[in-house]
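For reference, coords-v8.cif is printed below; it contains mmCIF, C-alpha atoms.
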```
data_query
#
loop_
_atom_site.label_atom_id
_atom_site.label_comp_id
_atom_site.auth_asym_id
_atom_site.auth_seq_id
_atom_site.Cartn_x
_atom_site.Cartn_y
_atom_site.Cartn_z
CA MET A 1 100.16 151.37 141.49
CA LEU A 2 99.48 151.19 137.76
CA GLN A 3 103.21 151.16 137.03
CA LYS A 4 103.69 148.19 139.39
CA ALA A 5 100.86 146.31 137.70
CA ILE A 6 102.35 146.91 134.25
CA SER A 7 105.77 145.74 135.49
CA LEU A 8 104.20 142.58 136.89
CA ILE A 9 102.39 141.85 133.62
CA LEU A 10 105.58 142.36 131.62
CA ALA A 11 107.49 140.06 133.97
CA LEU A 12 104.83 137.37 133.61
CA CYS A 13 104.92 137.72 129.81
CA LEU A 14 108.69 137.30 129.86
CA LEU A 15 108.42 134.20 132.03
CA CYS A 16 105.79 132.75 129.68
CA CYS A 17 108.04 133.40 126.68
CA LEU A 18 110.97 131.75 128.40
CA TYR A 19 108.82 128.74 129.31
CA VAL A 20 107.51 128.32 125.77
CA SER A 21 111.05 128.63 124.40
CA ALA A 22 112.38 126.05 126.85
CA SER A 23 109.54 123.60 126.21
CA ALA A 24 109.34 123.96 122.41
CA LEU A 25 109.84 120.68 120.55
CA THR A 26 112.98 120.84 118.41
CA PHE A 27 114.64 118.31 116.12
CA THR A 28 118.05 118.25 114.46
CA ASP A 29 117.61 117.16 110.86
CA ALA A 30 120.02 115.14 108.71
CA HIS A 31 121.73 118.35 107.56
CA GLY A 32 122.45 119.44 111.13
CA ASN A 33 119.74 122.12 111.16
CA GLU A 34 117.69 122.53 114.31
CA ILE A 35 114.03 122.81 113.39
CA GLU A 36 111.00 123.50 115.54
CA LEU A 37 108.20 120.94 115.37
CA ASP A 38 104.51 121.36 116.09
CA GLU A 39 104.14 119.56 119.39
CA THR A 40 100.35 119.75 119.19
CA LEU A 41 100.26 117.16 116.39
CA GLU A 42 99.10 113.79 117.66
CA ALA A 43 97.86 110.64 115.98
CA TYR A 44 97.42 106.95 116.73
CA THR A 45 98.34 103.82 114.79
CA GLY A 46 97.03 100.37 115.56
CA ALA A 47 100.15 98.71 114.15
CA VAL A 48 103.85 99.44 113.90
CA LEU A 49 104.58 101.24 110.61
CA TYR A 50 107.86 99.82 109.36
CA GLY A 51 110.77 101.92 108.09
CA ALA A 52 113.71 101.12 110.39
CA GLU A 53 116.53 98.66 109.67
CA ASP A 54 116.28 99.24 105.91
CA ALA A 55 112.79 97.67 105.82
CA ALA A 56 111.61 99.99 103.02
CA ARG A 57 114.73 99.27 100.94
CA GLN A 58 113.95 95.56 100.79
CA ALA A 59 110.23 95.30 100.01
CA GLU A 60 106.92 97.08 100.24
CA THR A 61 106.05 98.16 103.79
CA ASN A 62 102.91 99.50 105.43
CA LEU A 63 104.73 102.78 106.11
CA GLY A 64 105.66 103.01 102.43
CA ASP A 65 102.00 102.49 101.53
CA LEU A 66 100.83 105.19 103.95
CA TRP A 67 103.52 107.65 102.85
CA THR A 68 102.85 107.31 99.13
CA ASP A 69 99.08 107.27 99.65
CA ALA A 70 99.45 110.63 101.39
CA LEU A 71 101.33 112.08 98.41
CA ARG A 72 98.86 110.72 95.86
CA TRP A 73 95.89 111.91 97.93
CA PHE A 74 97.46 115.38 98.12
CA ALA A 75 97.48 115.62 94.33
CA ALA A 76 94.31 113.71 93.43
CA SER A 77 92.18 115.58 95.99
CA GLY A 78 93.26 118.96 94.63
CA THR A 79 94.74 119.97 97.99
CA ILE A 80 98.04 120.49 96.18
CA ASN A 81 96.57 123.37 94.15
CA GLU A 82 97.21 126.04 96.78
CA TYR A 83 100.89 125.05 97.07
CA PHE A 84 102.09 125.88 93.57
CA GLU A 85 104.86 128.51 93.39
CA GLU A 86 103.96 132.03 92.28
CA ASP A 87 105.82 131.57 88.98
CA ASP A 88 103.79 128.43 88.25
CA VAL A 89 100.53 130.21 88.99
CA THR A 90 101.51 133.10 86.73
CA ALA A 91 102.25 130.59 83.97
CA GLY A 92 98.87 128.90 84.47
CA ASN A 93 100.28 125.82 86.20
CA THR A 94 97.77 125.72 89.07
CA SER A 95 96.72 122.07 89.31
CA VAL A 96 97.82 118.59 88.31
CA ALA A 97 97.31 118.35 84.55
CA VAL A 98 96.07 114.74 84.32
CA ASP A 99 93.03 112.96 85.72
CA ALA A 100 93.17 110.93 88.93
CA ASP A 101 93.58 107.65 87.03
CA HIS A 102 96.95 108.93 85.80
CA ILE A 103 98.30 110.16 89.16
CA VAL A 104 100.80 107.93 90.97
CA ALA A 105 103.23 108.48 93.84
CA LEU A 106 106.78 107.16 94.18
CA TRP A 107 108.95 107.42 97.28
CA ASN A 108 112.44 105.97 97.66
CA GLY A 109 112.78 103.54 100.55
CA GLY A 110 116.06 105.08 101.65
CA ASN A 111 114.08 108.11 102.80
CA LEU A 112 111.99 106.14 105.27
CA ARG A 113 114.46 105.94 108.13
CA ALA A 114 112.52 104.84 111.22
CA ASP A 115 109.48 102.93 112.44
CA VAL A 116 106.39 104.70 113.68
CA PRO A 117 105.63 102.79 116.89
CA GLN A 118 102.24 101.31 117.64
CA GLY A 119 100.09 103.65 119.67
CA LYS A 120 100.27 107.42 120.00
CA PHE A 121 102.85 109.37 117.99
CA GLY A 122 103.61 112.95 117.09
CA ALA A 123 105.68 115.23 114.88
CA GLU A 124 108.97 113.98 116.30
CA GLN A 125 108.30 110.42 115.12
CA LEU A 126 107.62 111.59 111.54
CA ALA A 127 110.75 113.75 111.65
CA GLU A 128 112.74 110.63 112.58
CA VAL A 129 111.19 108.79 109.62
CA LEU A 130 112.13 111.62 107.23
CA PRO A 131 114.94 113.76 108.68
CA TYR A 132 115.12 115.91 105.53
CA PRO A 133 113.25 119.11 104.54
CA ASN A 134 111.79 117.50 101.41
CA LYS A 135 109.11 119.31 99.41
CA VAL A 136 106.41 117.68 97.27
CA ALA A 137 107.20 117.65 93.54
CA VAL A 138 105.22 116.76 90.43
CA VAL A 139 107.02 115.12 87.51
CA TYR A 140 105.17 114.36 84.26
CA MET A 141 106.40 111.13 82.65
CA THR A 142 105.35 108.89 79.84
CA GLY A 143 104.50 105.34 80.82
CA ALA A 144 107.77 104.23 79.20
CA GLN A 145 109.72 106.65 81.40
CA LEU A 146 107.81 105.50 84.50
CA LEU A 147 108.75 101.90 83.73
CA GLU A 148 112.42 102.83 83.29
CA ALA A 149 112.35 104.82 86.53
CA LEU A 150 111.17 101.71 88.41
CA GLU A 151 113.70 99.50 86.58
CA ALA A 152 116.58 101.77 87.57
CA ALA A 153 115.26 102.19 91.12
CA SER A 154 115.17 98.40 91.61
CA GLN A 155 118.70 97.73 90.34
CA GLY A 156 120.05 96.81 93.79
CA LEU A 157 117.53 94.03 94.41
CA PRO A 158 117.63 91.47 95.84
CA TYR A 159 118.62 93.28 99.02
CA THR A 160 121.83 92.10 100.69
CA ALA A 161 124.41 93.68 102.96
CA ASP A 162 126.43 94.46 99.82
CA THR A 163 123.54 96.10 97.94
CA ALA A 164 121.94 97.92 100.89
CA ALA A 165 123.21 101.36 99.84
CA VAL A 166 122.05 100.97 96.23
CA CYS A 167 118.67 99.69 97.42
CA ALA A 168 118.02 103.15 98.91
CA SER A 169 116.48 104.00 95.52
CA PHE A 170 113.89 101.18 95.66
CA MET A 171 110.46 102.76 95.22
CA GLN A 172 107.46 102.46 97.49
CA VAL A 173 104.37 103.30 95.43
CA ALA A 174 100.73 104.37 95.40
CA GLY A 175 98.40 104.16 92.43
CA LEU A 176 100.16 101.27 90.72
CA LYS A 177 101.27 97.67 91.12
CA TYR A 178 104.56 96.33 89.84
CA THR A 179 106.76 93.24 89.92
CA VAL A 180 110.55 92.95 90.02
CA ASP A 181 111.94 89.65 88.71
CA THR A 182 115.38 89.50 90.32
CA ALA A 183 116.25 86.37 88.31
CA ILE A 184 116.67 88.73 85.35
CA PRO A 185 119.92 90.71 85.74
CA PHE A 186 119.80 94.49 85.66
CA ASP A 187 121.19 95.62 82.30
CA GLN A 188 123.77 98.02 83.63
CA GLY A 189 124.65 101.00 81.44
CA GLU A 190 126.76 104.04 82.19
CA ALA A 191 127.41 105.03 85.79
CA TYR A 192 125.03 107.59 87.24
CA GLY A 193 126.54 109.71 90.00
CA ASP A 194 129.35 108.46 92.17
CA LYS A 195 127.54 106.26 94.71
CA GLY A 196 127.00 103.03 92.83
CA TRP A 197 123.98 103.59 90.58
CA PHE A 198 123.82 102.97 86.84
CA LYS A 199 121.45 103.85 84.04
CA ALA A 200 119.41 101.03 82.50
CA THR A 201 120.57 100.01 79.02
CA SER A 202 117.43 97.96 78.46
CA LEU A 203 114.29 97.05 80.41
CA GLY A 204 113.08 93.62 81.42
CA ARG A 205 113.10 92.89 85.13
CA VAL A 206 110.23 95.26 86.07
CA THR A 207 106.63 94.85 84.95
CA ILE A 208 103.83 97.31 85.77
CA GLU A 209 100.63 95.31 86.19
CA GLU A 210 98.18 98.18 86.52
CA VAL A 211 97.82 101.89 87.24
CA ASN A 212 94.91 102.85 89.46
CA GLY A 213 93.04 99.73 88.38
CA GLN A 214 93.56 100.44 84.68
CA PRO A 215 95.93 98.79 82.18
CA PHE A 216 99.40 100.32 82.10
CA ASP A 217 99.97 102.42 78.97
CA PRO A 218 103.60 103.11 77.99
CA GLU A 219 102.48 106.01 75.80
CA ALA A 220 100.22 107.73 78.32
CA THR A 221 101.30 110.71 80.42
CA TYR A 222 101.39 110.13 84.17
CA ALA A 223 101.85 112.67 86.96
CA VAL A 224 104.37 111.23 89.41
CA ILE A 225 104.12 112.79 92.88
CA THR A 226 107.45 112.53 94.68
CA SER A 227 110.11 114.63 96.43
CA ASN A 228 112.20 117.55 95.25
CA ALA A 229 115.23 115.27 95.69
CA ASN A 230 113.96 112.79 93.10
CA PHE A 231 112.84 115.68 90.87
CA ASN A 232 116.48 116.79 90.86
CA GLY A 233 117.82 113.31 90.06
CA MET A 234 118.85 111.89 93.45
CA ASP A 235 120.08 108.28 93.70
CA SER A 236 118.98 106.43 90.54
CA SER A 237 116.43 109.08 89.54
CA TYR A 238 117.98 110.21 86.26
CA ILE A 239 114.64 109.68 84.50
CA PHE A 240 112.91 112.05 86.92
CA ALA A 241 115.36 114.84 86.15
CA ALA A 242 115.15 114.26 82.40
CA ALA A 243 111.35 114.11 82.41
CA ALA A 244 111.09 117.24 84.56
CA GLU A 245 113.34 119.16 82.20
CA ALA A 246 111.33 118.00 79.18
CA ASP A 247 107.92 119.07 80.54
CA ALA A 248 107.66 122.62 81.92
CA ARG A 249 104.57 121.67 83.94
CA SER A 250 106.77 119.55 86.21
CA THR A 251 107.44 121.50 89.37
CA ILE A 252 108.47 121.59 93.02
CA THR A 253 105.69 122.90 95.25
CA THR A 254 105.95 124.79 98.53
CA ALA A 255 104.43 121.88 100.49
CA ALA A 256 106.64 120.08 103.02
CA VAL A 257 106.28 116.30 102.71
CA ARG A 258 105.89 115.66 106.44
CA ASP A 259 103.11 118.27 106.60
CA VAL A 260 101.31 116.49 103.75
CA VAL A 261 101.50 113.16 105.59
CA TRP A 262 99.93 114.83 108.64
CA LEU A 263 97.20 116.37 106.48
CA TYR A 264 96.38 112.95 105.04
CA ILE A 265 96.23 111.27 108.43
CA ALA A 266 94.02 114.04 109.82
CA ASN A 267 91.68 114.40 106.83
CA GLU A 268 91.25 110.78 105.85
CA PHE A 269 91.54 108.98 109.22
CA SER A 270 90.77 111.62 111.85
CA ASN A 271 94.25 110.88 113.24
CA GLN A 272 93.41 107.20 113.83
CA ILE A 273 95.35 104.85 111.51
CA GLY A 274 93.63 101.49 111.63
CA GLU A 275 93.43 98.17 109.82
CA ALA A 276 94.05 99.63 106.36
CA TYR A 277 97.76 99.87 107.21
CA ALA A 278 98.14 96.90 109.52
CA ALA A 279 100.33 95.30 106.82
CA ALA A 280 101.69 95.98 103.35
CA GLN A 281 98.90 95.99 100.78
CA GLY A 282 100.37 93.91 97.96
CA ARG A 283 101.42 96.63 95.53
CA ILE A 284 104.94 95.32 94.91
CA THR A 285 105.97 91.75 94.12
CA ILE A 286 109.64 90.79 94.28
CA LYS A 287 110.40 87.45 92.68
#
```

Would you mind writing the file's structure down as structure tokens?
Amino acid sequence: MLQKAISLILALCLLCCLYVSASALTFTDAHGNEIELDETLEAYTGAVLYGAEDAARQAETNLGDLWTDALRWFAASGTINEYFEEDDVTAGNTSVAVDADHIVALWNGGNLRADVPQGKFGAEQLAEVLPYPNKVAVVYMTGAQLLEALEAASQGLPYTADTAAVCASFMQVAGLKYTVDTAIPFDQGEAYGDKGWFKATSLGRVTIEEVNGQPFDPEATYAVITSNANFNGMDSSYIFAAAAEADARSTITTAAVRDVVWLYIANEFSNQIGEAYAAAQGRITIK
């Protein structure tokens, strides 16, 4: 009798395992890898968050604001501290090394690939927005380097069908306000990579109005919170790679970007995104 009971329990366990396996939420990322998503994640937005149809390559969007706010919050709140690599911790690199007024976030519009629809959404919707396994990175830059990074990132503007690919580098931001004057031509220097980007020979079309409500200082040190891809110099991000190499405190953390966005939505909004992101917040002006 006991043996039959044990057999029945084992059979039920097997059936449960098969059910969970069959019902697990999976997603194929941009590299062709099948990843398992947390299907328990659920949030609500009162407005469409725009990323589809190259929206974030053309101008500031409410999704770009939310995304970069999440990255800046992650660093400024200290939540990032538990995600530093073991080697960083051993070297004493256990927190962001500047105050909150000098923390900004930059995220390239080409890595916001889909809208988040109005209403309820889950992990699959964020995976469609960012179908890459990006990790959060910290890059320490001078103000002058930050300005050049934005100048280079904006080289494809104004957005057209011909410049759409180059506009992938256009930066959504948190913690700063900047203007791009497209009447001033980008001063194109040597080619960077093989996909149409160039280094900036001089600066002039981008102006940073403020950083966290304070005057922009070209000589100050800023912590730029971004992705491992930008850290490594993706798209127009040659300044990121150079700055990271020059400052040993710059690092790639163990935190997955999509997880950080979920943390922000849960901690700051109790999973209810409301009026704060009903529209873009006026951080970027394109003349």

Within 7 Å of Leu176 of chain A using only C-alpha atoms, minus same-chain residues under 4 positions, as a list in words: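 Contacts, in chain order: Val104, Glu210, Val211, Asn212 and Arg283 of chain A.
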
Long-range neighbours of segment 146-161 of chain A as JSON, numbers by chain, 6 Å cut-off, all atoms listed in the file, 5 positions minimum in chain: {"A": [58, 166, 167, 169, 170, 186, 200, 206, 236, 239]}

Minimum-distance residue to Phe27 of chain A, chosen among A:Pro133, A:Gly119, A:Ala174, A:Glu82 (using all atoms listed in the file):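 Ranking A:Pro133, A:Gly119, A:Ala174, A:Glu82 by distance to Phe27 of chain A, first place goes to A:Pro133.
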
Let me know the residues the PyMOL selection byres ((chain A and resi 173) around 10) catches in the file above, as a tab-separated table (two decimals) with C-alpha atoms, keeping the file's coordinate frame.
```tsv
chain	number	residue	atom	x	y	z
A	60	GLU	CA	106.92	97.08	100.24
A	61	THR	CA	106.05	98.16	103.79
A	64	GLY	CA	105.66	103.01	102.43
A	65	ASP	CA	102.00	102.49	101.53
A	66	LEU	CA	100.83	105.19	103.95
A	67	TRP	CA	103.52	107.65	102.85
A	68	THR	CA	102.85	107.31	99.13
A	69	ASP	CA	99.08	107.27	99.65
A	71	LEU	CA	101.33	112.08	98.41
A	72	ARG	CA	98.86	110.72	95.86
A	104	VAL	CA	100.80	107.93	90.97
A	105	ALA	CA	103.23	108.48	93.84
A	106	LEU	CA	106.78	107.16	94.18
A	107	TRP	CA	108.95	107.42	97.28
A	108	ASN	CA	112.44	105.97	97.66
A	109	GLY	CA	112.78	103.54	100.55
A	150	LEU	CA	111.17	101.71	88.41
A	170	PHE	CA	113.89	101.18	95.66
A	171	MET	CA	110.46	102.76	95.22
A	172	GLN	CA	107.46	102.46	97.49
A	174	ALA	CA	100.73	104.37	95.40
A	175	GLY	CA	98.40	104.16	92.43
A	176	LEU	CA	100.16	101.27	90.72
A	177	LYS	CA	101.27	97.67	91.12
A	178	TYR	CA	104.56	96.33	89.84
A	224	VAL	CA	104.37	111.23	89.41
A	225	ILE	CA	104.12	112.79	92.88
A	226	THR	CA	107.45	112.53	94.68
A	283	ARG	CA	101.42	96.63	95.53
A	284	ILE	CA	104.94	95.32	94.91
```

Pairwise distance for atom CA of Ala279 of chain A and atom CA of Ala47 of chain A, rounded to one decimal in Å: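 Here the two named atoms are 8.1 Å from each other.
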
Close residues, segment 86-88 of chain A itself excluded, 12 Å, only C-alpha atoms, min 2 positions apart in chain, as an NGL selection string: :A and (81-84 or 90-96 or 138 or 248-254)

Export C-alpha atoms of the chosen residues as a compact mmCIF listing (two decimals), keeping the file's coordinate frame?
```txt
# COMPACT_ATOMS: atom_id res chain seq x y z
CA ASN A 81 96.57 123.37 94.15
CA GLU A 82 97.21 126.04 96.78
CA TYR A 83 100.89 125.05 97.07
CA PHE A 84 102.09 125.88 93.57
CA THR A 90 101.51 133.10 86.73
CA ALA A 91 102.25 130.59 83.97
CA GLY A 92 98.87 128.90 84.47
CA ASN A 93 100.28 125.82 86.20
CA THR A 94 97.77 125.72 89.07
CA SER A 95 96.72 122.07 89.31
CA VAL A 96 97.82 118.59 88.31
CA VAL A 138 105.22 116.76 90.43
CA ALA A 248 107.66 122.62 81.92
CA ARG A 249 104.57 121.67 83.94
CA SER A 250 106.77 119.55 86.21
CA THR A 251 107.44 121.50 89.37
CA ILE A 252 108.47 121.59 93.02
CA THR A 253 105.69 122.90 95.25
CA THR A 254 105.95 124.79 98.53
```

Distance of atom CA of Ala244 of chain A from atom CA of Ser227 of chain A, expressed in Å to one decimal place: 12.2 Å

One-decimal distance in Å that lies between atom CA of Ala97 of chain A and atom CA of Phe216 of chain A: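 So the answer is 18.3 Å.
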
Of the listed residues A:Arg57, A:Asp99, A:Ala114, A:Pro131, that which approaches Ala165 of chain A most closely, counting all atoms listed in the file: A:Arg57

Evaluate the PyMOL selection byres ((chain A and resi 262) around 12) here and jot the selected residues down as an mmCIF file with C-alpha atoms, keeping the file's coordinate frame.
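The file below, part25.cif, is the result:
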```cif
data_model
loop_
_atom_site.group_PDB
_atom_site.id
_atom_site.type_symbol
_atom_site.label_atom_id
_atom_site.label_comp_id
_atom_site.auth_asym_id
_atom_site.auth_seq_id
_atom_site.Cartn_x
_atom_site.Cartn_y
_atom_site.Cartn_z
ATOM 1 C CA ASP A 38 104.510 121.360 116.090
ATOM 2 C CA THR A 40 100.350 119.750 119.190
ATOM 3 C CA LEU A 41 100.260 117.160 116.390
ATOM 4 C CA GLU A 42 99.100 113.790 117.660
ATOM 5 C CA ALA A 43 97.860 110.640 115.980
ATOM 6 C CA TYR A 44 97.420 106.950 116.730
ATOM 7 C CA LEU A 66 100.830 105.190 103.950
ATOM 8 C CA TRP A 67 103.520 107.650 102.850
ATOM 9 C CA ASP A 69 99.080 107.270 99.650
ATOM 10 C CA ALA A 70 99.450 110.630 101.390
ATOM 11 C CA LEU A 71 101.330 112.080 98.410
ATOM 12 C CA TRP A 73 95.890 111.910 97.930
ATOM 13 C CA PHE A 74 97.460 115.380 98.120
ATOM 14 C CA PHE A 121 102.850 109.370 117.990
ATOM 15 C CA GLY A 122 103.610 112.950 117.090
ATOM 16 C CA ALA A 123 105.680 115.230 114.880
ATOM 17 C CA GLU A 124 108.970 113.980 116.300
ATOM 18 C CA GLN A 125 108.300 110.420 115.120
ATOM 19 C CA LEU A 126 107.620 111.590 111.540
ATOM 20 C CA ALA A 127 110.750 113.750 111.650
ATOM 21 C CA ALA A 255 104.430 121.880 100.490
ATOM 22 C CA ALA A 256 106.640 120.080 103.020
ATOM 23 C CA VAL A 257 106.280 116.300 102.710
ATOM 24 C CA ARG A 258 105.890 115.660 106.440
ATOM 25 C CA ASP A 259 103.110 118.270 106.600
ATOM 26 C CA VAL A 260 101.310 116.490 103.750
ATOM 27 C CA VAL A 261 101.500 113.160 105.590
ATOM 28 C CA LEU A 263 97.200 116.370 106.480
ATOM 29 C CA TYR A 264 96.380 112.950 105.040
ATOM 30 C CA ILE A 265 96.230 111.270 108.430
ATOM 31 C CA ALA A 266 94.020 114.040 109.820
ATOM 32 C CA ASN A 267 91.680 114.400 106.830
ATOM 33 C CA GLU A 268 91.250 110.780 105.850
ATOM 34 C CA PHE A 269 91.540 108.980 109.220
ATOM 35 C CA SER A 270 90.770 111.620 111.850
ATOM 36 C CA ASN A 271 94.250 110.880 113.240
ATOM 37 C CA GLN A 272 93.410 107.200 113.830
ATOM 38 C CA ILE A 273 95.350 104.850 111.510
#
```

Hits of the PyMOL selection byres ((chain A and resi 220) around 9) in this structure, as a list in words: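 Residues picked by the PyMOL selection byres ((chain A and resi 220) around 9): His102, Met141, Thr142, Gly143, Ala144, Phe216, Asp217, Pro218, Glu219, Thr221 and Tyr222 of chain A.
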
A:Asp101, A:Asp162, A:Glu209, A:Asp187 ranked by distance to Ala223 of chain A, top pick (using all atoms listed in the file):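 So, comparing all the options, the nearest one is A:Asp101.
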
Shortest interatomic distance to Gly78 of chain A - which of A:Ile103, A:Ile35, A:Gly282, A:Gly51, counting all atoms listed in the file: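 The answer is A:Ile103, which sits nearest to Gly78 of chain A.
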
Long-range neighbours of Lys199 of chain A as number ranges by chain, 7 Å cut-off, all atoms listed in the file, 4 positions minimum in chain: A: 152, 188-192

Limited to C-alpha atoms, could you put the picked residues into a file as an mmCIF file, in the frame of the given file?
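Result file follows (selection05.cif):
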```cif
data_model
loop_
_atom_site.group_PDB
_atom_site.id
_atom_site.type_symbol
_atom_site.label_atom_id
_atom_site.label_comp_id
_atom_site.auth_asym_id
_atom_site.auth_seq_id
_atom_site.Cartn_x
_atom_site.Cartn_y
_atom_site.Cartn_z
ATOM 1 C CA ALA A 152 116.580 101.770 87.570
ATOM 2 C CA GLN A 188 123.770 98.020 83.630
ATOM 3 C CA GLY A 189 124.650 101.000 81.440
ATOM 4 C CA GLU A 190 126.760 104.040 82.190
ATOM 5 C CA ALA A 191 127.410 105.030 85.790
ATOM 6 C CA TYR A 192 125.030 107.590 87.240
#
```

Have segment 200-218 of chain A completed to N, CA and C atoms, please, and pass it along as a CSV table (one decimal), in the coordinates of the input.
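Output saved as part_7.csv:
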```csv
chain,number,residue,atom,x,y,z
A,200,ALA,N,119.9,102.3,83.1
A,200,ALA,CA,119.4,101.0,82.5
A,200,ALA,C,119.6,101.1,81.0
A,201,THR,N,120.4,100.1,80.5
A,201,THR,CA,120.6,100.0,79.0
A,201,THR,C,119.3,99.5,78.3
A,202,SER,N,118.7,98.5,79.0
A,202,SER,CA,117.4,98.0,78.5
A,202,SER,C,116.5,97.6,79.6
A,203,LEU,N,115.3,97.3,79.4
A,203,LEU,CA,114.3,97.0,80.4
A,203,LEU,C,113.9,95.6,80.3
A,204,GLY,N,113.5,95.0,81.5
A,204,GLY,CA,113.1,93.6,81.4
A,204,GLY,C,112.8,93.0,82.8
A,205,ARG,N,113.3,93.5,83.8
A,205,ARG,CA,113.1,92.9,85.1
A,205,ARG,C,111.9,93.5,85.9
A,206,VAL,N,111.4,94.6,85.4
A,206,VAL,CA,110.2,95.3,86.1
A,206,VAL,C,109.0,95.2,85.1
A,207,THR,N,107.9,94.8,85.7
A,207,THR,CA,106.6,94.8,85.0
A,207,THR,C,105.6,95.6,85.8
A,208,ILE,N,104.9,96.6,85.1
A,208,ILE,CA,103.8,97.3,85.8
A,208,ILE,C,102.5,96.6,85.4
A,209,GLU,N,101.9,96.1,86.4
A,209,GLU,CA,100.6,95.3,86.2
A,209,GLU,C,99.4,96.2,85.9
A,210,GLU,N,99.3,97.3,86.7
A,210,GLU,CA,98.2,98.2,86.5
A,210,GLU,C,98.5,99.5,87.1
A,211,VAL,N,97.7,100.5,86.7
A,211,VAL,CA,97.8,101.9,87.2
A,211,VAL,C,96.4,102.3,87.6
A,212,ASN,N,96.2,102.5,88.9
A,212,ASN,CA,94.9,102.8,89.5
A,212,ASN,C,93.8,102.0,88.9
A,213,GLY,N,94.0,100.7,88.8
A,213,GLY,CA,93.0,99.7,88.4
A,213,GLY,C,92.9,99.6,86.9
A,214,GLN,N,93.7,100.4,86.1
A,214,GLN,CA,93.6,100.4,84.7
A,214,GLN,C,94.8,99.8,84.1
A,215,PRO,N,94.7,99.3,82.8
A,215,PRO,CA,95.9,98.8,82.2
A,215,PRO,C,97.0,99.8,82.1
A,216,PHE,N,98.3,99.4,82.3
A,216,PHE,CA,99.4,100.3,82.1
A,216,PHE,C,99.6,100.7,80.6
A,217,ASP,N,99.8,101.9,80.3
A,217,ASP,CA,100.0,102.4,79.0
A,217,ASP,C,101.3,103.1,78.8
A,218,PRO,N,102.3,102.5,78.1
A,218,PRO,CA,103.6,103.1,78.0
A,218,PRO,C,103.6,104.4,77.3
```
